[in-house]
$ cat data_1.csv   # CSV, C-alpha atoms and all ligand atoms
chain,number,residue,atom,x,y,z
H,216,MET,CA,0.0,0.0,0.0
H,217,ALA,CA,1.3,3.5,-0.9
H,218,THR,CA,0.6,6.6,1.2
H,219,VAL,CA,1.0,10.1,-0.1
H,220,ILE,CA,1.7,12.9,2.4
H,221,THR,CA,0.5,16.1,0.7
H,222,GLY,CA,0.5,19.8,1.8
H,223,ILE,CA,4.0,19.8,3.3
H,224,GLY,CA,4.7,23.5,4.0
H,225,GLU,CA,8.5,22.9,4.4
H,226,LEU,CA,10.2,19.6,3.7
H,227,THR,CA,13.7,19.0,5.2
H,228,THR,CA,15.2,16.2,3.2
H,229,ASN,CA,18.9,16.2,4.2
H,230,ASP,CA,19.5,15.1,0.6
H,231,PRO,CA,22.1,17.5,-0.8
H,232,GLU,CA,20.6,17.1,-4.3
H,233,THR,CA,17.0,18.0,-3.2
H,234,GLY,CA,17.8,20.3,-0.2
H,235,LYS,CA,14.8,21.9,1.5
H,236,LEU,CA,11.5,22.1,-0.5
H,237,ASN,CA,8.5,24.3,0.1
H,238,ASP,CA,4.9,23.2,-0.8
H,239,ALA,CA,6.0,19.5,-1.2
H,240,ALA,CA,4.7,16.0,-1.0
H,241,LEU,CA,6.2,12.6,-0.2
H,242,VAL,CA,5.2,9.0,-1.1
H,243,ILE,CA,5.8,6.1,1.2
H,244,GLU,CA,5.5,2.5,0.0
H,245,ASP,CA,6.8,-0.8,1.5
H,246,GLY,CA,8.5,1.0,4.3
H,247,LYS,CA,10.5,3.3,2.1
H,248,ILE,CA,10.4,6.7,0.6
H,249,VAL,CA,9.6,6.2,-3.1
H,250,TRP,CA,8.9,9.8,-4.2
H,251,ALA,CA,9.5,13.4,-3.0
H,252,GLY,CA,8.8,16.5,-4.9
H,253,PRO,CA,6.4,19.5,-5.5
H,254,ASN,CA,3.0,19.1,-4.0
H,255,ALA,CA,1.3,19.9,-7.4
H,256,GLN,CA,3.0,16.9,-9.0
H,257,ALA,CA,2.2,14.4,-6.2
H,258,PRO,CA,1.1,11.1,-7.7
H,259,ALA,CA,-2.0,9.3,-6.6
H,260,ALA,CA,-1.8,6.6,-3.9
H,261,ASP,CA,-3.9,4.2,-1.9
H,262,GLU,CA,-4.0,6.6,1.1
H,263,ARG,CA,-3.7,10.4,1.2
H,264,VAL,CA,-2.7,12.4,4.3
H,265,ASP,CA,-2.9,16.2,4.0
H,266,VAL,CA,-0.7,17.8,6.6
H,267,GLU,CA,-2.0,21.3,5.8
H,268,GLY,CA,1.2,23.3,5.6
H,269,ARG,CA,3.1,21.7,8.4
H,270,ALA,CA,6.8,21.1,8.4
H,271,VAL,CA,8.2,17.6,7.7
H,272,LEU,CA,11.6,16.3,8.5
H,273,PRO,CA,13.4,12.9,9.0
H,274,GLY,CA,12.7,11.2,12.3
H,275,TRP,CA,15.3,11.9,14.9
H,276,VAL,CA,18.2,9.4,15.0
H,277,ASP,CA,19.2,9.2,18.7
H,278,SER,CA,22.6,7.6,18.5
H,279,HIS,CA,23.4,7.5,22.2
H,280,THR,CA,21.1,6.2,25.0
H,281,HIS,CA,21.4,3.9,28.0
H,282,LEU,CA,17.9,2.6,28.4
H,283,VAL,CA,18.3,-1.0,29.7
H,284,PHE,CA,18.1,-0.2,33.4
H,285,ALA,CA,15.9,-0.4,36.4
H,286,GLY,CA,15.3,2.1,39.3
H,287,ASP,CA,16.0,5.8,39.2
H,288,ARG,CA,18.4,8.3,40.6
H,289,THR,CA,16.2,11.2,41.8
H,290,ALA,CA,18.1,11.5,45.1
H,291,GLU,CA,21.4,11.9,43.3
H,292,PHE,CA,19.9,14.5,41.0
H,293,GLU,CA,18.6,16.4,43.9
H,294,ALA,CA,22.0,16.3,45.6
H,295,ARG,CA,23.6,17.5,42.4
H,296,MET,CA,21.2,20.4,42.1
H,297,ALA,CA,22.1,21.3,45.7
H,298,GLY,CA,25.7,21.6,44.7
H,299,LYS,CA,27.3,18.1,44.8
H,300,PRO,CA,29.5,17.4,41.7
H,301,TYR,CA,28.7,14.6,39.3
H,302,GLN,CA,30.9,11.5,39.6
H,303,ALA,CA,31.0,8.4,37.4
H,304,GLY,CA,30.5,6.2,40.5
H,305,GLY,CA,26.7,6.9,40.6
H,306,ILE,CA,26.4,4.3,37.9
H,307,ALA,CA,26.8,1.6,40.6
H,308,VAL,CA,23.4,2.5,42.0
H,309,THR,CA,21.7,1.7,38.7
H,310,VAL,CA,23.8,-1.5,38.4
H,311,GLY,CA,22.3,-2.7,41.7
H,312,ALA,CA,18.7,-2.0,40.6
H,313,THR,CA,19.3,-3.5,37.1
H,314,ARG,CA,20.8,-6.8,38.4
H,315,ALA,CA,17.8,-7.1,40.8
H,316,ALA,CA,15.2,-6.6,38.1
H,317,SER,CA,13.6,-9.5,36.1
H,318,ASP,CA,13.9,-9.7,32.3
H,319,ALA,CA,10.3,-8.7,32.0
H,320,GLU,CA,10.8,-5.6,34.1
H,321,LEU,CA,13.9,-4.5,32.1
H,322,THR,CA,12.0,-5.2,28.8
H,323,ALA,CA,8.9,-3.2,29.9
H,324,ASN,CA,11.1,-0.3,31.1
H,325,LEU,CA,13.0,-0.2,27.8
H,326,ARG,CA,9.8,-0.4,25.8
H,327,ARG,CA,8.2,2.4,27.8
H,328,HIS,CA,11.2,4.7,27.2
H,329,VAL,CA,11.4,3.8,23.5
H,330,ASP,CA,7.7,4.5,23.1
H,331,GLU,CA,8.2,7.9,24.9
H,332,ALA,CA,10.9,8.7,22.4
H,333,VAL,CA,8.8,7.7,19.4
H,334,ARG,CA,6.0,10.0,20.5
H,335,GLN,CA,8.5,12.8,20.3
H,336,GLY,CA,9.7,11.9,16.8
H,337,THR,CA,12.6,9.5,17.4
H,338,THR,CA,12.5,6.8,14.8
H,339,CYS,CA,16.0,5.2,15.0
H,340,LEU,CA,17.5,4.6,18.4
H,341,GLU,CA,20.8,3.2,19.7
H,342,THR,CA,21.0,1.9,23.2
H,343,LYS,CA,23.8,0.4,25.3
H,344,THR,CA,24.3,-2.3,27.9
H,345,GLY,CA,26.4,-1.2,30.9
H,346,TYR,CA,24.2,-1.5,33.9
H,347,GLY,CA,24.8,-5.3,34.3
H,348,LEU,CA,28.5,-5.5,34.5
H,349,SER,CA,28.5,-9.2,35.0
H,350,VAL,CA,28.6,-11.8,32.2
H,351,VAL,CA,25.0,-12.9,32.8
H,352,ASP,CA,23.6,-9.4,33.3
H,353,GLU,CA,25.4,-7.9,30.3
H,354,ALA,CA,24.3,-10.8,28.1
H,355,ARG,CA,20.6,-10.4,29.1
H,356,SER,CA,20.8,-6.6,28.7
H,357,ALA,CA,22.2,-7.0,25.1
H,358,ARG,CA,19.5,-9.6,24.3
H,359,ILE,CA,16.7,-7.5,25.6
H,360,ALA,CA,18.0,-4.4,23.8
H,361,ALA,CA,18.4,-6.3,20.5
H,362,SER,CA,14.7,-7.4,20.7
H,363,ILE,CA,13.5,-3.7,20.7
H,364,VAL,CA,15.9,-1.1,19.3
H,365,ASP,CA,17.7,-0.5,16.0
H,366,GLU,CA,21.3,-0.5,17.3
H,367,VAL,CA,22.8,-2.1,20.3
H,368,THR,CA,26.2,-1.2,21.9
H,369,PHE,CA,28.1,-3.3,24.4
H,370,LEU,CA,29.2,-1.1,27.3
H,371,GLY,CA,30.6,-3.7,29.8
H,372,ALA,CA,33.4,-1.1,30.3
H,373,HIS,CA,31.0,1.4,31.9
H,374,LEU,CA,32.5,1.2,35.4
H,375,VAL,CA,34.5,-1.3,37.3
H,376,PRO,CA,31.7,-2.9,39.4
H,377,PRO,CA,32.0,-2.5,43.2
H,378,GLY,CA,34.3,-5.2,44.7
H,379,ALA,CA,36.1,-6.0,41.4
H,380,GLY,CA,39.7,-5.2,40.6
H,381,ALA,CA,40.2,-3.0,37.5
H,382,GLU,CA,42.6,-5.2,35.6
H,383,SER,CA,40.8,-8.5,36.2
H,384,TYR,CA,37.5,-6.8,35.3
H,385,VAL,CA,39.0,-5.5,32.0
H,386,ASP,CA,40.1,-9.1,31.3
H,387,LEU,CA,36.6,-10.3,31.9
H,388,VAL,CA,35.1,-7.6,29.6
H,389,CYS,CA,37.6,-8.5,26.8
H,390,GLY,CA,37.0,-12.2,27.1
H,391,GLU,CA,34.0,-14.0,28.5
H,392,MET,CA,31.7,-11.0,28.6
H,393,LEU,CA,32.4,-10.0,25.0
H,394,ASP,CA,31.8,-13.6,23.9
H,395,ALA,CA,28.5,-13.6,25.7
H,396,VAL,CA,27.1,-10.5,24.0
H,397,VAL,CA,28.7,-10.5,20.6
H,398,ASP,CA,25.8,-12.0,18.7
H,399,ASP,CA,23.4,-9.3,20.0
H,400,VAL,CA,25.4,-6.2,19.5
H,401,ARG,CA,27.0,-4.2,16.6
H,402,TRP,CA,29.1,-1.8,18.6
H,403,ALA,CA,31.4,-1.7,21.6
H,404,ASP,CA,32.0,1.4,23.8
H,405,VAL,CA,34.1,2.3,26.7
H,406,PHE,CA,33.8,5.0,29.4
H,407,CYS,CA,37.3,6.5,29.0
H,408,GLU,CA,37.3,8.9,32.0
H,409,THR,CA,38.9,9.5,35.4
H,410,GLY,CA,37.1,7.3,37.8
H,411,ALA,CA,36.1,4.8,35.0
H,412,PHE,CA,38.7,3.4,32.5
H,413,ASP,CA,42.2,4.8,31.7
H,414,GLU,CA,43.8,5.0,28.3
H,415,ASP,CA,45.4,1.5,28.4
H,416,GLN,CA,42.3,-0.2,29.7
H,417,SER,CA,40.1,1.6,27.1
H,418,GLU,CA,42.4,0.6,24.3
H,419,ARG,CA,42.4,-3.1,25.4
H,420,VAL,CA,38.6,-3.2,25.4
H,421,LEU,CA,38.3,-1.5,22.0
H,422,LEU,CA,40.9,-3.6,20.4
H,423,ALA,CA,39.3,-6.8,21.7
H,424,ALA,CA,35.9,-5.7,20.4
H,425,ARG,CA,37.4,-4.8,17.0
H,426,ASP,CA,39.0,-8.3,16.8
H,427,ARG,CA,35.5,-9.7,17.2
H,428,GLY,CA,34.2,-7.6,14.3
H,429,LEU,CA,32.4,-4.9,16.3
H,430,GLY,CA,32.3,-1.2,15.4
H,431,LEU,CA,33.7,1.1,18.0
H,432,ARG,CA,32.3,4.1,20.0
H,433,VAL,CA,33.9,5.9,22.9
H,434,HIS,CA,32.7,8.0,25.8
H,435,GLY,CA,35.4,10.6,26.0
H,436,ASN,CA,36.3,14.0,27.3
H,437,GLN,CA,33.2,14.4,29.5
H,438,LEU,CA,34.5,15.5,32.8
H,439,GLY,CA,37.9,16.9,31.7
H,440,GLU,CA,40.4,16.8,28.9
H,441,GLY,CA,41.8,13.3,28.4
H,442,PRO,CA,42.8,10.6,25.9
H,443,GLY,CA,39.2,9.6,24.8
H,444,VAL,CA,39.1,11.6,21.5
H,445,ARG,CA,42.6,10.7,20.6
H,446,ILE,CA,42.1,7.0,20.9
H,447,ALA,CA,38.7,7.1,19.2
H,448,VAL,CA,40.3,8.7,16.2
H,449,GLU,CA,43.3,6.5,16.2
H,450,LEU,CA,41.2,3.3,16.4
H,451,GLY,CA,38.7,4.5,13.7
H,452,ALA,CA,35.7,4.7,16.1
H,453,ALA,CA,32.5,5.7,14.4
H,454,SER,CA,31.8,8.3,17.1
H,455,VAL,CA,33.3,9.8,20.3
H,456,ASP,CA,30.6,11.0,22.5
H,457,HIS,CA,30.4,13.9,25.1
H,458,CYS,CA,33.4,16.0,23.8
H,459,THR,CA,32.8,18.6,26.5
H,460,TYR,CA,36.4,19.4,27.2
H,461,LEU,CA,38.5,19.4,24.0
H,462,SER,CA,42.1,20.6,23.3
H,463,ASP,CA,42.9,22.2,20.0
H,464,ASP,CA,44.6,18.9,19.0
H,465,ASP,CA,41.4,17.0,19.7
H,466,VAL,CA,39.4,19.4,17.5
H,467,GLU,CA,41.9,19.1,14.7
H,468,ALA,CA,42.0,15.3,15.0
H,469,LEU,CA,38.2,15.1,14.8
H,470,ALA,CA,38.1,17.5,11.8
H,471,ALA,CA,40.6,15.4,9.9
H,472,SER,CA,38.9,12.0,10.6
H,473,GLU,CA,35.7,10.1,9.9
H,474,THR,CA,35.0,9.9,13.6
H,475,VAL,CA,31.8,11.8,14.4
H,476,ALA,CA,31.9,14.2,17.5
H,477,THR,CA,28.6,13.4,19.3
H,478,VAL,CA,27.5,16.2,21.7
H,479,LEU,CA,25.0,15.5,24.5
H,480,PRO,CA,23.7,18.9,25.7
H,481,ALA,CA,21.0,17.5,28.0
H,482,CYS,CA,23.8,15.7,29.9
H,483,ASP,CA,26.0,18.7,30.1
H,484,LEU,CA,23.0,20.7,31.5
H,485,SER,CA,21.9,17.9,33.9
H,486,THR,CA,25.5,17.6,35.3
H,487,ARG,CA,26.0,21.4,35.4
H,488,GLN,CA,29.0,21.1,33.1
H,489,PRO,CA,29.8,23.6,30.4
H,490,LEU,CA,28.1,22.8,27.1
H,491,ALA,CA,30.3,21.0,24.5
H,492,PRO,CA,32.0,23.3,22.0
H,493,ALA,CA,29.9,22.4,19.0
H,494,ARG,CA,30.5,25.7,17.2
H,495,ARG,CA,34.2,25.2,17.5
H,496,LEU,CA,33.9,21.7,16.1
H,497,LEU,CA,31.8,22.8,13.2
H,498,ASP,CA,34.0,25.7,12.3
H,499,ALA,CA,37.0,23.4,12.3
H,500,GLY,CA,35.1,21.1,9.9
H,501,ALA,CA,34.3,18.2,12.2
H,502,THR,CA,31.0,16.2,11.8
H,503,VAL,CA,28.8,16.8,14.8
H,504,ALA,CA,25.9,14.6,15.9
H,505,LEU,CA,23.4,15.5,18.6
H,506,ALA,CA,22.0,12.8,20.9
H,507,SER,CA,20.0,12.6,24.1
H,508,ASN,CA,22.2,10.3,26.2
H,509,ALA,CA,19.0,9.3,27.9
H,510,ASN,CA,19.9,7.5,31.1
H,511,PRO,CA,18.7,7.6,34.7
H,512,GLY,CA,21.8,9.3,36.1
H,513,SER,CA,23.2,12.1,34.1
H,514,SER,CA,20.6,12.9,31.4
H,515,TYR,CA,17.1,11.6,32.0
H,516,THR,CA,15.4,12.8,28.9
H,517,THR,CA,14.4,11.2,25.6
H,518,SER,CA,13.6,14.6,24.0
H,519,MET,CA,15.7,15.2,20.9
H,520,ALA,CA,13.7,18.4,20.4
H,521,PHE,CA,15.1,19.7,23.7
H,522,CYS,CA,18.6,18.9,22.5
H,523,VAL,CA,18.0,20.7,19.3
H,524,ALA,CA,16.6,23.8,21.1
H,525,THR,CA,19.6,23.8,23.5
H,526,ALA,CA,22.1,23.4,20.6
H,527,VAL,CA,20.6,26.5,18.9
H,528,LEU,CA,19.9,28.7,21.9
H,529,GLN,CA,23.0,28.0,23.9
H,530,MET,CA,25.6,26.3,21.7
H,531,ARG,CA,25.4,28.7,18.7
H,532,MET,CA,24.4,26.1,16.2
H,533,THR,CA,22.0,27.2,13.5
H,534,VAL,CA,18.6,25.6,13.4
H,535,GLU,CA,19.7,23.8,10.1
H,536,GLU,CA,22.9,22.5,11.7
H,537,ALA,CA,21.1,21.3,14.8
H,538,VAL,CA,18.4,19.5,12.9
H,539,TRP,CA,21.0,17.9,10.6
H,540,SER,CA,23.1,16.8,13.6
H,541,ALA,CA,20.0,15.2,15.3
H,542,THR,CA,19.0,13.3,12.1
H,543,ALA,CA,21.7,12.8,9.4
H,544,GLY,CA,24.5,13.4,12.0
H,545,GLY,CA,23.1,10.6,14.2
H,546,ALA,CA,22.9,8.3,11.1
H,547,ARG,CA,26.6,9.2,10.3
H,548,ALA,CA,27.5,8.3,14.0
H,549,LEU,CA,25.9,4.9,13.5
H,550,ARG,CA,27.4,4.5,10.0
H,551,ARG,CA,23.9,4.1,8.5
H,552,ASN,CA,22.7,5.6,5.2
H,553,ASP,CA,19.1,4.3,5.3
H,554,VAL,CA,18.0,6.7,8.0
H,555,GLY,CA,18.4,10.5,8.8
H,556,ALA,CA,17.3,11.6,5.3
H,557,LEU,CA,14.1,11.7,3.3
H,558,ARG,CA,15.3,10.7,-0.2
H,559,VAL,CA,14.1,8.0,-2.5
H,560,GLY,CA,15.1,4.6,-1.1
H,561,ALA,CA,15.6,5.7,2.5
H,562,ARG,CA,13.6,4.2,5.3
H,563,ALA,CA,10.2,6.0,5.6
H,564,ASP,CA,10.9,7.6,9.0
H,565,VAL,CA,8.9,10.8,8.8
H,566,HIS,CA,8.3,13.4,11.5
H,567,VAL,CA,5.6,16.0,11.0
H,568,LEU,CA,5.7,19.1,13.2
H,569,ASP,CA,2.6,21.1,14.3
H,570,ALA,CA,4.5,24.1,13.0
H,571,PRO,CA,5.2,25.6,9.6
H,572,SER,CA,9.0,25.3,9.8
H,573,VAL,CA,11.8,23.5,11.8
H,574,THR,CA,12.8,26.9,13.1
H,575,HIS,CA,9.9,26.5,15.6
H,576,LEU,CA,11.9,23.8,17.3
H,577,ALA,CA,14.1,26.5,18.8
H,578,TYR,CA,11.7,29.4,18.5
H,579,ARG,CA,9.2,27.6,20.7
H,580,PRO,CA,11.4,25.7,23.1
H,581,GLY,CA,9.7,23.2,25.4
H,582,VAL,CA,6.5,23.1,23.4
H,583,PRO,CA,5.7,19.6,22.2
H,584,LEU,CA,5.5,20.1,18.4
H,585,THR,CA,5.4,16.4,17.2
H,586,TRP,CA,2.2,16.0,15.2
H,587,ALA,CA,2.7,12.7,13.5
H,588,VAL,CA,5.4,10.1,13.1
H,589,TRP,CA,5.9,7.3,10.6
H,590,ARG,CA,8.5,4.7,11.3
H,591,CYS,CA,9.5,2.2,8.5
H,592,GLY,CA,6.4,3.4,6.7
H,593,GLU,CA,4.0,2.6,9.6
H,594,ARG,CA,2.2,5.5,11.3
H,595,VAL,CA,3.3,5.1,14.9
H,596,PHE,CA,2.0,8.5,16.3
Q,1,ZN,ZN,26.5,7.8,27.7
$ encode --input "data_1.csv" --output "structure tokens"
Amino acid sequence: MATVITGIGELTTNDPETGKLNDAALVIEDGKIVWAGPNAQAPAADERVDVEGRAVLPGWVDSHTHLVFAGDRTAEFEARMAGKPYQAGGIAVTVGATRAASDAELTANLRRHVDEAVRQGTTCLETKTGYGLSVVDEARSARIAASIVDEVTFLGAHLVPPGAGAESYVDLVCGEMLDAVVDDVRWADVFCETGAFDEDQSERVLLAARDRGLGLRVHGNQLGEGPGVRIAVELGAASVDHCTYLSDDDVEALAASETVATVLPACDLSTRQPLAPARRLLDAGATVALASNANPGSSYTTSMAFCVATAVLQMRMTVEEAVWSATAGGARALRRNDVGALRVGARADVHVLDAPSVTHLAYRPGVPLTWAVWRCGERVF
């Protein structure tokens, strides 16, 4: 069955050949975009949806979340807002709750958060393990994630679990734990940060994952300058995420590489850190993605629109740059070319705003503007 969406006031395609179209239409068939062009030339289809001048853009591609978890960290958030600094060790609280939860509870919690994201226009989502930190709990986290989301990342190297030694834990991550998750994940990640994993440990984890054929991602430069960006670029990681504290060398290295700099403004705000220097990265020529980092500790939001508004209002990105980074940029960070753009052949992930242009995402911050969402050609909101 084909569906034609007519009356599109402004169509953001992220297709360099098509650019942005006014007064446009789109045709969806078999889960894919099969036509995009002027409204007046829209072909007939089995079903017609007139969006009456609203703006249409690709669904958000949220390339960084941690949604396989149980419990919450309201108390830690309250303490932080009262002046206590953020530390990586808070992760252990979620690890305890996650280990104690049943598979059914973890599945239901993940499903609830993914549904929440979909209702806000997210149509492609990555999530990570990393709150199990034992072979059994990482394996079931990966299995549950793989049953629900588009992209799964193994983050056994999130934190050395309480009671374990760092070196023996890294051995476990690189060996038995990696073997237990490898069939359910496409990516491996490491939290390369003071209080988590140092440079040598991070490299060991990433090299072991690469040997198993996994793509690489890195959490780096969140709480201070460090080796995260450098090793991500050296090892050819698809993305290095956070990038809050960058040296000039880091910026140059990112600009000269295929590694995407993924910035996580909701996390920077929720941890009262400075916002990542997205403007500096863009001006240097680096590829920037925007993601939510949805997790119960440092960034408990699934709202990509909030990230876009923050990027524009506080990080000096233009609306076009921010929208691109939250769609095509996320796709680039996941090395996918089927999502993040509305061109013929792409997955029919379509986000309709109750507004005449994407500018309203920043012009009307905090207002829920998602009006309709198609994912893989199915209307899901
Ligand atoms: Zn993260």
$ closest_residue --input "data_1.csv" --among "H:Ala526, H:Ala556, H:Cys407, H:Ala323" --to "ligand ZN 1 (chain Q)" --atoms "only C-alpha atoms and all ligand atoms"
H:Cys407
$ residues_around --input "data_1.csv" --residues "Leu438 (chain H)" --least-positions-apart "6" --cutoff "10 Å" --atoms "only C-alpha atoms" --output "number ranges by chain"
H: 301-303, 408-410, 457-460, 483, 486, 488-489
$ closest_residue --input "data_1.csv" --among "H:Asp261, H:Glu391, H:Asp404, H:Glu225" --to "Ser417 (chain H)" --atoms "all atoms listed in the file"
H:Asp404
$ closest_residue --input "data_1.csv" --among "H:Leu557, H:Leu450, H:Val264, H:Leu282" --to "ligand ZN 1 (chain Q)" --atoms "only C-alpha atoms and all ligand atoms"
H:Leu282
$ closest_atom_pairs --input "data_1.csv" --of "region 403-423 of chain H" --to "region 342-361 of chain H" --cutoff "10 Å" --atoms "all atoms listed in the file" --output "CSV"
residue,atom,partner,partner_atom,distance
H:Ala403,CA,H:Lys343,CA,8.7
H:Asp404,CA,H:Lys343,CA,8.4
H:Val405,CA,H:Gly345,CA,9.4
H:Phe406,CA,H:Gly345,CA,9.8
$ closest_residue --input "data_1.csv" --among "H:Gly336, H:Pro480, H:Pro571, H:Gly592" --to "ligand ZN 1 (chain Q)" --atoms "only C-alpha atoms and all ligand atoms"
H:Pro480
$ closest_residue --input "data_1.csv" --among "H:Tyr578, H:Trp250, H:Trp275, H:Phe369" --to "ligand ZN 1 (chain Q)" --atoms "only C-alpha atoms and all ligand atoms"
H:Phe369
$ closest_residue --input "data_1.csv" --among "H:Glu331, H:Asp463, H:Asp318, H:Glu291" --to "Ser513 (chain H)" --atoms "only C-alpha atoms"
H:Glu291
$ atom_distance --input "data_1.csv" --atom1 "CA of Ala379 (chain H)" --atom2 "CA of Gly311 (chain H)"
14.2 Å
$ closest_atom_pairs --input "data_1.csv" --of "chain H" --to "ligand ZN 1 (chain Q)" --cutoff "7 Å" --atoms "all atoms listed in the file" --output "JSON lines"
{"residue": "H:His279", "atom": "CA", "partner": "Q:ZN1", "partner_atom": "ZN", "distance": 6.3}
{"residue": "H:Thr280", "atom": "CA", "partner": "Q:ZN1", "partner_atom": "ZN", "distance": 6.2}
{"residue": "H:His281", "atom": "CA", "partner": "Q:ZN1", "partner_atom": "ZN", "distance": 6.4}
{"residue": "H:His434", "atom": "CA", "partner": "Q:ZN1", "partner_atom": "ZN", "distance": 6.5}
{"residue": "H:Asn508", "atom": "CA", "partner": "Q:ZN1", "partner_atom": "ZN", "distance": 5.2}
$ atom_distance --input "data_1.csv" --atom1 "CA of Val478 (chain H)" --atom2 "CA of Leu505 (chain H)"
5.2 Å
$ residues_around --input "data_1.csv" --residues "Val466 (chain H)" --least-positions-apart "5" --cutoff "8 Å" --atoms "all atoms listed in the file" --output "PyMOL selection string"
chain H and resi 461+495-496+499+501
$ atom_distance --input "data_1.csv" --atom1 "CA of Leu484 (chain H)" --atom2 "CA of Asp456 (chain H)"
15.3 Å
$ decode --input "data_1.csv" --residues "region 373-421 of chain H" --atoms "C-alpha atoms" --output "PDB file, in the first residue's frame"
ATOM      1  CA  HIS H 373      31.033   1.431  31.855  1.00  0.00           C
ATOM      2  CA  LEU H 374      32.461   1.184  35.367  1.00  0.00           C
ATOM      3  CA  VAL H 375      34.508  -1.316  37.335  1.00  0.00           C
ATOM      4  CA  PRO H 376      31.741  -2.903  39.436  1.00  0.00           C
ATOM      5  CA  PRO H 377      32.010  -2.515  43.198  1.00  0.00           C
ATOM      6  CA  GLY H 378      34.253  -5.196  44.672  1.00  0.00           C
ATOM      7  CA  ALA H 379      36.082  -6.043  41.422  1.00  0.00           C
ATOM      8  CA  GLY H 380      39.703  -5.238  40.554  1.00  0.00           C
ATOM      9  CA  ALA H 381      40.157  -3.006  37.512  1.00  0.00           C
ATOM     10  CA  GLU H 382      42.624  -5.187  35.597  1.00  0.00           C
ATOM     11  CA  SER H 383      40.814  -8.463  36.189  1.00  0.00           C
ATOM     12  CA  TYR H 384      37.515  -6.776  35.275  1.00  0.00           C
ATOM     13  CA  VAL H 385      38.983  -5.550  31.977  1.00  0.00           C
ATOM     14  CA  ASP H 386      40.142  -9.129  31.295  1.00  0.00           C
ATOM     15  CA  LEU H 387      36.582 -10.312  31.871  1.00  0.00           C
ATOM     16  CA  VAL H 388      35.124  -7.619  29.576  1.00  0.00           C
ATOM     17  CA  CYS H 389      37.617  -8.460  26.797  1.00  0.00           C
ATOM     18  CA  GLY H 390      37.043 -12.193  27.079  1.00  0.00           C
ATOM     19  CA  GLU H 391      34.047 -14.003  28.481  1.00  0.00           C
ATOM     20  CA  MET H 392      31.722 -10.975  28.567  1.00  0.00           C
ATOM     21  CA  LEU H 393      32.422  -9.988  24.969  1.00  0.00           C
ATOM     22  CA  ASP H 394      31.832 -13.582  23.868  1.00  0.00           C
ATOM     23  CA  ALA H 395      28.488 -13.607  25.683  1.00  0.00           C
ATOM     24  CA  VAL H 396      27.138 -10.466  23.986  1.00  0.00           C
ATOM     25  CA  VAL H 397      28.750 -10.483  20.558  1.00  0.00           C
ATOM     26  CA  ASP H 398      25.778 -11.986  18.695  1.00  0.00           C
ATOM     27  CA  ASP H 399      23.380  -9.307  19.987  1.00  0.00           C
ATOM     28  CA  VAL H 400      25.439  -6.158  19.467  1.00  0.00           C
ATOM     29  CA  ARG H 401      26.961  -4.240  16.572  1.00  0.00           C
ATOM     30  CA  TRP H 402      29.083  -1.839  18.632  1.00  0.00           C
ATOM     31  CA  ALA H 403      31.362  -1.710  21.649  1.00  0.00           C
ATOM     32  CA  ASP H 404      31.957   1.371  23.757  1.00  0.00           C
ATOM     33  CA  VAL H 405      34.129   2.322  26.732  1.00  0.00           C
ATOM     34  CA  PHE H 406      33.781   5.049  29.356  1.00  0.00           C
ATOM     35  CA  CYS H 407      37.284   6.510  29.048  1.00  0.00           C
ATOM     36  CA  GLU H 408      37.334   8.917  31.973  1.00  0.00           C
ATOM     37  CA  THR H 409      38.935   9.528  35.356  1.00  0.00           C
ATOM     38  CA  GLY H 410      37.065   7.270  37.780  1.00  0.00           C
ATOM     39  CA  ALA H 411      36.122   4.813  34.999  1.00  0.00           C
ATOM     40  CA  PHE H 412      38.721   3.379  32.538  1.00  0.00           C
ATOM     41  CA  ASP H 413      42.154   4.805  31.727  1.00  0.00           C
ATOM     42  CA  GLU H 414      43.788   4.978  28.306  1.00  0.00           C
ATOM     43  CA  ASP H 415      45.439   1.524  28.362  1.00  0.00           C
ATOM     44  CA  GLN H 416      42.324  -0.198  29.684  1.00  0.00           C
ATOM     45  CA  SER H 417      40.130   1.592  27.147  1.00  0.00           C
ATOM     46  CA  GLU H 418      42.387   0.559  24.290  1.00  0.00           C
ATOM     47  CA  ARG H 419      42.407  -3.053  25.414  1.00  0.00           C
ATOM     48  CA  VAL H 420      38.611  -3.152  25.425  1.00  0.00           C
ATOM     49  CA  LEU H 421      38.280  -1.463  22.042  1.00  0.00           C
TER      50      LEU H 421
END
